[in-house]
$ cat query.pdb   # PDB, C-alpha atoms, pLDDT in the B column
ATOM      1  CA  MET A   1       0.000   0.000   0.000  1.00 73.00           C
ATOM      2  CA  ASN A   2       1.451   3.332  -0.994  1.00 91.00           C
ATOM      3  CA  GLU A   3       1.655   6.308   1.359  1.00 93.00           C
ATOM      4  CA  LYS A   4      -1.096   8.241  -0.402  1.00 92.00           C
ATOM      5  CA  VAL A   5      -3.540   5.318  -0.059  1.00 94.00           C
ATOM      6  CA  ALA A   6      -2.582   4.792   3.598  1.00 94.00           C
ATOM      7  CA  GLU A   7      -3.149   8.491   4.337  1.00 95.00           C
ATOM      8  CA  MET A   8      -6.533   8.380   2.589  1.00 95.00           C
ATOM      9  CA  GLN A   9      -7.564   5.298   4.589  1.00 95.00           C
ATOM     10  CA  ASP A  10      -6.657   7.080   7.816  1.00 95.00           C
ATOM     11  CA  ARG A  11      -8.672  10.118   6.731  1.00 96.00           C
ATOM     12  CA  VAL A  12     -11.645   7.895   5.822  1.00 97.00           C
ATOM     13  CA  VAL A  13     -11.637   6.358   9.312  1.00 97.00           C
ATOM     14  CA  GLU A  14     -11.505   9.860  10.863  1.00 97.00           C
ATOM     15  CA  VAL A  15     -14.515  10.922   8.797  1.00 97.00           C
ATOM     16  CA  LEU A  16     -16.501   7.745   9.510  1.00 98.00           C
ATOM     17  CA  ARG A  17     -16.018   8.411  13.208  1.00 97.00           C
ATOM     18  CA  THR A  18     -18.106  11.589  12.732  1.00 97.00           C
ATOM     19  CA  VAL A  19     -21.141   9.656  11.444  1.00 97.00           C
ATOM     20  CA  TYR A  20     -23.678   8.568  14.047  1.00 95.00           C
ATOM     21  CA  ASP A  21     -26.870   6.578  14.154  1.00 88.00           C
ATOM     22  CA  PRO A  22     -29.213   9.201  15.648  1.00 89.00           C
ATOM     23  CA  GLU A  23     -30.539   6.611  18.112  1.00 86.00           C
ATOM     24  CA  ILE A  24     -27.125   5.467  19.388  1.00 88.00           C
ATOM     25  CA  PRO A  25     -24.463   7.751  20.941  1.00 87.00           C
ATOM     26  CA  VAL A  26     -21.581   5.906  19.232  1.00 93.00           C
ATOM     27  CA  ASN A  27     -20.140   6.491  15.754  1.00 96.00           C
ATOM     28  CA  ILE A  28     -20.667   3.924  13.003  1.00 97.00           C
ATOM     29  CA  TYR A  29     -16.980   2.992  12.822  1.00 97.00           C
ATOM     30  CA  ASP A  30     -16.677   2.093  16.511  1.00 96.00           C
ATOM     31  CA  LEU A  31     -20.052   0.361  16.385  1.00 95.00           C
ATOM     32  CA  GLY A  32     -18.464  -2.060  13.915  1.00 97.00           C
ATOM     33  CA  LEU A  33     -20.835  -1.117  11.098  1.00 97.00           C
ATOM     34  CA  ILE A  34     -17.991  -0.599   8.587  1.00 97.00           C
ATOM     35  CA  TYR A  35     -17.077  -3.929   7.039  1.00 97.00           C
ATOM     36  CA  ASN A  36     -14.707  -2.910   4.271  1.00 96.00           C
ATOM     37  CA  VAL A  37     -12.890   0.194   3.011  1.00 96.00           C
ATOM     38  CA  GLU A  38     -11.150   0.079  -0.364  1.00 96.00           C
ATOM     39  CA  VAL A  39      -9.170   3.034  -1.682  1.00 96.00           C
ATOM     40  CA  SER A  40      -8.089   3.124  -5.325  1.00 96.00           C
ATOM     41  CA  ASP A  41      -4.345   3.080  -6.091  1.00 95.00           C
ATOM     42  CA  ASP A  42      -4.409   6.808  -6.881  1.00 95.00           C
ATOM     43  CA  ALA A  43      -6.482   7.549  -3.737  1.00 95.00           C
ATOM     44  CA  THR A  44      -9.234   9.327  -5.695  1.00 96.00           C
ATOM     45  CA  ARG A  45     -11.965   6.678  -5.436  1.00 97.00           C
ATOM     46  CA  LEU A  46     -13.358   4.928  -2.426  1.00 96.00           C
ATOM     47  CA  SER A  47     -15.654   1.994  -1.828  1.00 97.00           C
ATOM     48  CA  VAL A  48     -17.140   1.313   1.607  1.00 98.00           C
ATOM     49  CA  ASP A  49     -19.250  -1.667   2.651  1.00 98.00           C
ATOM     50  CA  MET A  50     -21.294  -0.975   5.739  1.00 97.00           C
ATOM     51  CA  THR A  51     -24.215  -2.448   7.595  1.00 96.00           C
ATOM     52  CA  LEU A  52     -26.745  -1.349  10.189  1.00 94.00           C
ATOM     53  CA  THR A  53     -27.483  -2.610  13.678  1.00 90.00           C
ATOM     54  CA  ALA A  54     -30.819  -3.876  12.311  1.00 89.00           C
ATOM     55  CA  PRO A  55     -32.024  -4.328   8.704  1.00 88.00           C
ATOM     56  CA  ASN A  56     -35.180  -2.314   9.410  1.00 90.00           C
ATOM     57  CA  CYS A  57     -33.324   0.635  10.974  1.00 88.00           C
ATOM     58  CA  PRO A  58     -35.542   3.720  10.511  1.00 90.00           C
ATOM     59  CA  ALA A  59     -32.477   5.952  10.095  1.00 91.00           C
ATOM     60  CA  ALA A  60     -30.852   3.815   7.371  1.00 92.00           C
ATOM     61  CA  ASP A  61     -31.148   6.344   4.543  1.00 93.00           C
ATOM     62  CA  PHE A  62     -29.927   9.179   6.764  1.00 94.00           C
ATOM     63  CA  ILE A  63     -26.881   7.246   8.002  1.00 95.00           C
ATOM     64  CA  VAL A  64     -25.784   6.027   4.562  1.00 95.00           C
ATOM     65  CA  GLU A  65     -26.269   9.462   2.976  1.00 96.00           C
ATOM     66  CA  ASP A  66     -24.468  11.211   5.854  1.00 97.00           C
ATOM     67  CA  ALA A  67     -21.505   8.853   5.431  1.00 97.00           C
ATOM     68  CA  ARG A  68     -21.424   9.323   1.642  1.00 96.00           C
ATOM     69  CA  GLN A  69     -21.622  13.124   1.824  1.00 96.00           C
ATOM     70  CA  LYS A  70     -18.916  13.391   4.470  1.00 97.00           C
ATOM     71  CA  LEU A  71     -16.629  11.003   2.573  1.00 97.00           C
ATOM     72  CA  GLU A  72     -17.101  12.839  -0.734  1.00 95.00           C
ATOM     73  CA  ALA A  73     -16.062  16.061   1.026  1.00 96.00           C
ATOM     74  CA  ILE A  74     -12.563  14.662   1.670  1.00 96.00           C
ATOM     75  CA  THR A  75     -10.015  16.691  -0.284  1.00 94.00           C
ATOM     76  CA  GLY A  76      -8.660  14.724  -3.241  1.00 93.00           C
ATOM     77  CA  LEU A  77     -11.460  12.171  -3.259  1.00 94.00           C
ATOM     78  CA  GLU A  78     -13.522  12.222  -6.451  1.00 94.00           C
ATOM     79  CA  LYS A  79     -16.008   9.415  -5.758  1.00 94.00           C
ATOM     80  CA  ALA A  80     -17.238   7.611  -2.662  1.00 95.00           C
ATOM     81  CA  ASP A  81     -19.407   4.549  -3.148  1.00 96.00           C
ATOM     82  CA  VAL A  82     -21.141   3.500   0.080  1.00 97.00           C
ATOM     83  CA  ARG A  83     -22.808   0.102  -0.174  1.00 96.00           C
ATOM     84  CA  LEU A  84     -25.228  -1.234   2.396  1.00 95.00           C
ATOM     85  CA  VAL A  85     -24.741  -4.948   3.083  1.00 96.00           C
ATOM     86  CA  PHE A  86     -26.294  -7.287   5.633  1.00 94.00           C
ATOM     87  CA  GLU A  87     -23.892 -10.218   5.578  1.00 93.00           C
ATOM     88  CA  PRO A  88     -22.397 -11.028   7.898  1.00 94.00           C
ATOM     89  CA  GLU A  89     -25.180  -9.971  10.230  1.00 93.00           C
ATOM     90  CA  TRP A  90     -24.011  -7.324  12.701  1.00 95.00           C
ATOM     91  CA  ASN A  91     -23.738  -8.199  16.384  1.00 94.00           C
ATOM     92  CA  LYS A  92     -22.462  -6.360  19.459  1.00 93.00           C
ATOM     93  CA  ASP A  93     -19.184  -8.302  19.411  1.00 94.00           C
ATOM     94  CA  MET A  94     -18.204  -6.191  16.386  1.00 95.00           C
ATOM     95  CA  MET A  95     -18.148  -3.048  18.514  1.00 95.00           C
ATOM     96  CA  SER A  96     -14.868  -1.548  19.715  1.00 95.00           C
ATOM     97  CA  ASP A  97     -14.158  -1.726  23.442  1.00 95.00           C
ATOM     98  CA  GLU A  98     -14.690   2.045  23.612  1.00 92.00           C
ATOM     99  CA  ALA A  99     -18.154   1.668  22.052  1.00 93.00           C
ATOM    100  CA  LYS A 100     -19.047  -1.166  24.423  1.00 94.00           C
ATOM    101  CA  LEU A 101     -17.974   0.973  27.368  1.00 92.00           C
ATOM    102  CA  GLU A 102     -20.026   3.924  26.100  1.00 89.00           C
ATOM    103  CA  MET A 103     -23.074   1.678  25.753  1.00 89.00           C
ATOM    104  CA  GLY A 104     -22.583   0.129  29.200  1.00 89.00           C
ATOM    105  CA  LEU A 105     -21.722  -3.318  27.846  1.00 89.00           C
ATOM    106  CA  LEU A 106     -18.355  -3.615  29.641  1.00 83.00           C
TER     107      LEU A 106
END
$ encode --input "query.pdb" --output "structure tokens"
Amino acid sequence: MNEKVAEMQDRVVEVLRTVYDPEIPVNIYDLGLIYNVEVSDDATRLSVDMTLTAPNCPAADFIVEDARQKLEAITGLEKADVRLVFEPEWNKDMMSDEAKLEMGLL
């Protein structure tokens, strides 16, 4: 992985940590909702696979659109494709320790 791609991946994680499910006080990255982040070799295109805590989440459209808009605002990024996937099914074990602590699960 080249330095430009590594820097973009770090920036993507920073941005994803600013996206929240309005019903949960933890960002989508630490909740474990981000399954995959792929940055193109020239660091201008991005593909993100993410899920939701529940398939029928009422805030689904808001969360996905918020993530896409924030990612596309990253300097140097031309395209951000955010795909919603439901396999594997999300569970609380995917959360970071910080998120579990915030939610009172530790």
$ atom_distance --input "query.pdb" --atom1 "atom CA of A:Val48" --atom2 "atom CA of A:Asp81"
6.2 Å
$ atom_distance --input "query.pdb" --atom1 "atom CA of A:Thr53" --atom2 "atom CA of A:Val37"
18.3 Å
$ axis_aligned_box --input "query.pdb" --around "stretch 40-50 of chain A" --padding-each-side "6 Å" --output "AutoDock Vina command-line options"
--center_x -12.8 --center_y 3.8 --center_z -0.6 --size_x 28.9 --size_y 23.0 --size_z 24.6
$ resolve_selection --input "query.pdb" --expression "the PyMOL selection byres ((chain A and resi 22) around 9)" --output "ChimeraX atom specification"
/A:20-21,23-25,59,62-63
$ residues_around --input "query.pdb" --residues "stretch 41-46 of chain A" --least-positions-apart "4" --cutoff "10 Å" --atoms "all atoms listed in the file" --output "list in words"
Met1, Asn2, Glu3, Lys4, Val5, Ala6, Glu7, Met8, Gln9, Val12, Val37, Leu71, Glu72, Ile74, Thr75, Gly76, Leu77, Glu78, Lys79, Ala80, Asp81 and Val82 of chain A
$ atom_distance --input "query.pdb" --atom1 "atom CA of A:Lys70" --atom2 "atom CA of A:Leu105"
28.9 Å
$ resolve_selection --input "query.pdb" --expression "the PyMOL selection byres ((chain A and resi 89-96) around 8)" --output "PyMOL selection string"
chain A and resi 30-33+51-54+86-88+97-100
$ resolve_selection --input "query.pdb" --expression "the PyMOL selection byres ((chain A and resi 50) around 6)" --output "ChimeraX atom specification"
/A:33-35,49,51,84-85
$ closest_residue --input "query.pdb" --among "A:Arg11, A:Arg17, A:Ile28, A:Leu106" --to "A:Val64" --atoms "only C-alpha atoms"
A:Ile28
$ decode --input "query.pdb" --residues "stretch 1-97 of chain A" --atoms "C-alpha atoms" --output "PDB file, in the first residue's frame"
ATOM      1  CA  MET A   1       0.000   0.000   0.000  1.00  0.00           C
ATOM      2  CA  ASN A   2       1.451   3.332  -0.994  1.00  0.00           C
ATOM      3  CA  GLU A   3       1.655   6.308   1.359  1.00  0.00           C
ATOM      4  CA  LYS A   4      -1.096   8.241  -0.402  1.00  0.00           C
ATOM      5  CA  VAL A   5      -3.540   5.318  -0.059  1.00  0.00           C
ATOM      6  CA  ALA A   6      -2.582   4.792   3.598  1.00  0.00           C
ATOM      7  CA  GLU A   7      -3.149   8.491   4.337  1.00  0.00           C
ATOM      8  CA  MET A   8      -6.533   8.380   2.589  1.00  0.00           C
ATOM      9  CA  GLN A   9      -7.564   5.298   4.589  1.00  0.00           C
ATOM     10  CA  ASP A  10      -6.657   7.080   7.816  1.00  0.00           C
ATOM     11  CA  ARG A  11      -8.672  10.118   6.731  1.00  0.00           C
ATOM     12  CA  VAL A  12     -11.645   7.895   5.822  1.00  0.00           C
ATOM     13  CA  VAL A  13     -11.637   6.358   9.312  1.00  0.00           C
ATOM     14  CA  GLU A  14     -11.505   9.860  10.863  1.00  0.00           C
ATOM     15  CA  VAL A  15     -14.515  10.922   8.797  1.00  0.00           C
ATOM     16  CA  LEU A  16     -16.501   7.745   9.510  1.00  0.00           C
ATOM     17  CA  ARG A  17     -16.018   8.411  13.208  1.00  0.00           C
ATOM     18  CA  THR A  18     -18.106  11.589  12.732  1.00  0.00           C
ATOM     19  CA  VAL A  19     -21.141   9.656  11.444  1.00  0.00           C
ATOM     20  CA  TYR A  20     -23.678   8.568  14.047  1.00  0.00           C
ATOM     21  CA  ASP A  21     -26.870   6.578  14.154  1.00  0.00           C
ATOM     22  CA  PRO A  22     -29.213   9.201  15.648  1.00  0.00           C
ATOM     23  CA  GLU A  23     -30.539   6.611  18.112  1.00  0.00           C
ATOM     24  CA  ILE A  24     -27.125   5.467  19.388  1.00  0.00           C
ATOM     25  CA  PRO A  25     -24.463   7.751  20.941  1.00  0.00           C
ATOM     26  CA  VAL A  26     -21.581   5.906  19.232  1.00  0.00           C
ATOM     27  CA  ASN A  27     -20.140   6.491  15.754  1.00  0.00           C
ATOM     28  CA  ILE A  28     -20.667   3.924  13.003  1.00  0.00           C
ATOM     29  CA  TYR A  29     -16.980   2.992  12.822  1.00  0.00           C
ATOM     30  CA  ASP A  30     -16.677   2.093  16.511  1.00  0.00           C
ATOM     31  CA  LEU A  31     -20.052   0.361  16.385  1.00  0.00           C
ATOM     32  CA  GLY A  32     -18.464  -2.060  13.915  1.00  0.00           C
ATOM     33  CA  LEU A  33     -20.835  -1.117  11.098  1.00  0.00           C
ATOM     34  CA  ILE A  34     -17.991  -0.599   8.587  1.00  0.00           C
ATOM     35  CA  TYR A  35     -17.077  -3.929   7.039  1.00  0.00           C
ATOM     36  CA  ASN A  36     -14.707  -2.910   4.271  1.00  0.00           C
ATOM     37  CA  VAL A  37     -12.890   0.194   3.011  1.00  0.00           C
ATOM     38  CA  GLU A  38     -11.150   0.079  -0.364  1.00  0.00           C
ATOM     39  CA  VAL A  39      -9.170   3.034  -1.682  1.00  0.00           C
ATOM     40  CA  SER A  40      -8.089   3.124  -5.325  1.00  0.00           C
ATOM     41  CA  ASP A  41      -4.345   3.080  -6.091  1.00  0.00           C
ATOM     42  CA  ASP A  42      -4.409   6.808  -6.881  1.00  0.00           C
ATOM     43  CA  ALA A  43      -6.482   7.549  -3.737  1.00  0.00           C
ATOM     44  CA  THR A  44      -9.234   9.327  -5.695  1.00  0.00           C
ATOM     45  CA  ARG A  45     -11.965   6.678  -5.436  1.00  0.00           C
ATOM     46  CA  LEU A  46     -13.358   4.928  -2.426  1.00  0.00           C
ATOM     47  CA  SER A  47     -15.654   1.994  -1.828  1.00  0.00           C
ATOM     48  CA  VAL A  48     -17.140   1.313   1.607  1.00  0.00           C
ATOM     49  CA  ASP A  49     -19.250  -1.667   2.651  1.00  0.00           C
ATOM     50  CA  MET A  50     -21.294  -0.975   5.739  1.00  0.00           C
ATOM     51  CA  THR A  51     -24.215  -2.448   7.595  1.00  0.00           C
ATOM     52  CA  LEU A  52     -26.745  -1.349  10.189  1.00  0.00           C
ATOM     53  CA  THR A  53     -27.483  -2.610  13.678  1.00  0.00           C
ATOM     54  CA  ALA A  54     -30.819  -3.876  12.311  1.00  0.00           C
ATOM     55  CA  PRO A  55     -32.024  -4.328   8.704  1.00  0.00           C
ATOM     56  CA  ASN A  56     -35.180  -2.314   9.410  1.00  0.00           C
ATOM     57  CA  CYS A  57     -33.324   0.635  10.974  1.00  0.00           C
ATOM     58  CA  PRO A  58     -35.542   3.720  10.511  1.00  0.00           C
ATOM     59  CA  ALA A  59     -32.477   5.952  10.095  1.00  0.00           C
ATOM     60  CA  ALA A  60     -30.852   3.815   7.371  1.00  0.00           C
ATOM     61  CA  ASP A  61     -31.148   6.344   4.543  1.00  0.00           C
ATOM     62  CA  PHE A  62     -29.927   9.179   6.764  1.00  0.00           C
ATOM     63  CA  ILE A  63     -26.881   7.246   8.002  1.00  0.00           C
ATOM     64  CA  VAL A  64     -25.784   6.027   4.562  1.00  0.00           C
ATOM     65  CA  GLU A  65     -26.269   9.462   2.976  1.00  0.00           C
ATOM     66  CA  ASP A  66     -24.468  11.211   5.854  1.00  0.00           C
ATOM     67  CA  ALA A  67     -21.505   8.853   5.431  1.00  0.00           C
ATOM     68  CA  ARG A  68     -21.424   9.323   1.642  1.00  0.00           C
ATOM     69  CA  GLN A  69     -21.622  13.124   1.824  1.00  0.00           C
ATOM     70  CA  LYS A  70     -18.916  13.391   4.470  1.00  0.00           C
ATOM     71  CA  LEU A  71     -16.629  11.003   2.573  1.00  0.00           C
ATOM     72  CA  GLU A  72     -17.101  12.839  -0.734  1.00  0.00           C
ATOM     73  CA  ALA A  73     -16.062  16.061   1.026  1.00  0.00           C
ATOM     74  CA  ILE A  74     -12.563  14.662   1.670  1.00  0.00           C
ATOM     75  CA  THR A  75     -10.015  16.691  -0.284  1.00  0.00           C
ATOM     76  CA  GLY A  76      -8.660  14.724  -3.241  1.00  0.00           C
ATOM     77  CA  LEU A  77     -11.460  12.171  -3.259  1.00  0.00           C
ATOM     78  CA  GLU A  78     -13.522  12.222  -6.451  1.00  0.00           C
ATOM     79  CA  LYS A  79     -16.008   9.415  -5.758  1.00  0.00           C
ATOM     80  CA  ALA A  80     -17.238   7.611  -2.662  1.00  0.00           C
ATOM     81  CA  ASP A  81     -19.407   4.549  -3.148  1.00  0.00           C
ATOM     82  CA  VAL A  82     -21.141   3.500   0.080  1.00  0.00           C
ATOM     83  CA  ARG A  83     -22.808   0.102  -0.174  1.00  0.00           C
ATOM     84  CA  LEU A  84     -25.228  -1.234   2.396  1.00  0.00           C
ATOM     85  CA  VAL A  85     -24.741  -4.948   3.083  1.00  0.00           C
ATOM     86  CA  PHE A  86     -26.294  -7.287   5.633  1.00  0.00           C
ATOM     87  CA  GLU A  87     -23.892 -10.218   5.578  1.00  0.00           C
ATOM     88  CA  PRO A  88     -22.397 -11.028   7.898  1.00  0.00           C
ATOM     89  CA  GLU A  89     -25.180  -9.971  10.230  1.00  0.00           C
ATOM     90  CA  TRP A  90     -24.011  -7.324  12.701  1.00  0.00           C
ATOM     91  CA  ASN A  91     -23.738  -8.199  16.384  1.00  0.00           C
ATOM     92  CA  LYS A  92     -22.462  -6.360  19.459  1.00  0.00           C
ATOM     93  CA  ASP A  93     -19.184  -8.302  19.411  1.00  0.00           C
ATOM     94  CA  MET A  94     -18.204  -6.191  16.386  1.00  0.00           C
ATOM     95  CA  MET A  95     -18.148  -3.048  18.514  1.00  0.00           C
ATOM     96  CA  SER A  96     -14.868  -1.548  19.715  1.00  0.00           C
ATOM     97  CA  ASP A  97     -14.158  -1.726  23.442  1.00  0.00           C
TER      98      ASP A  97
END
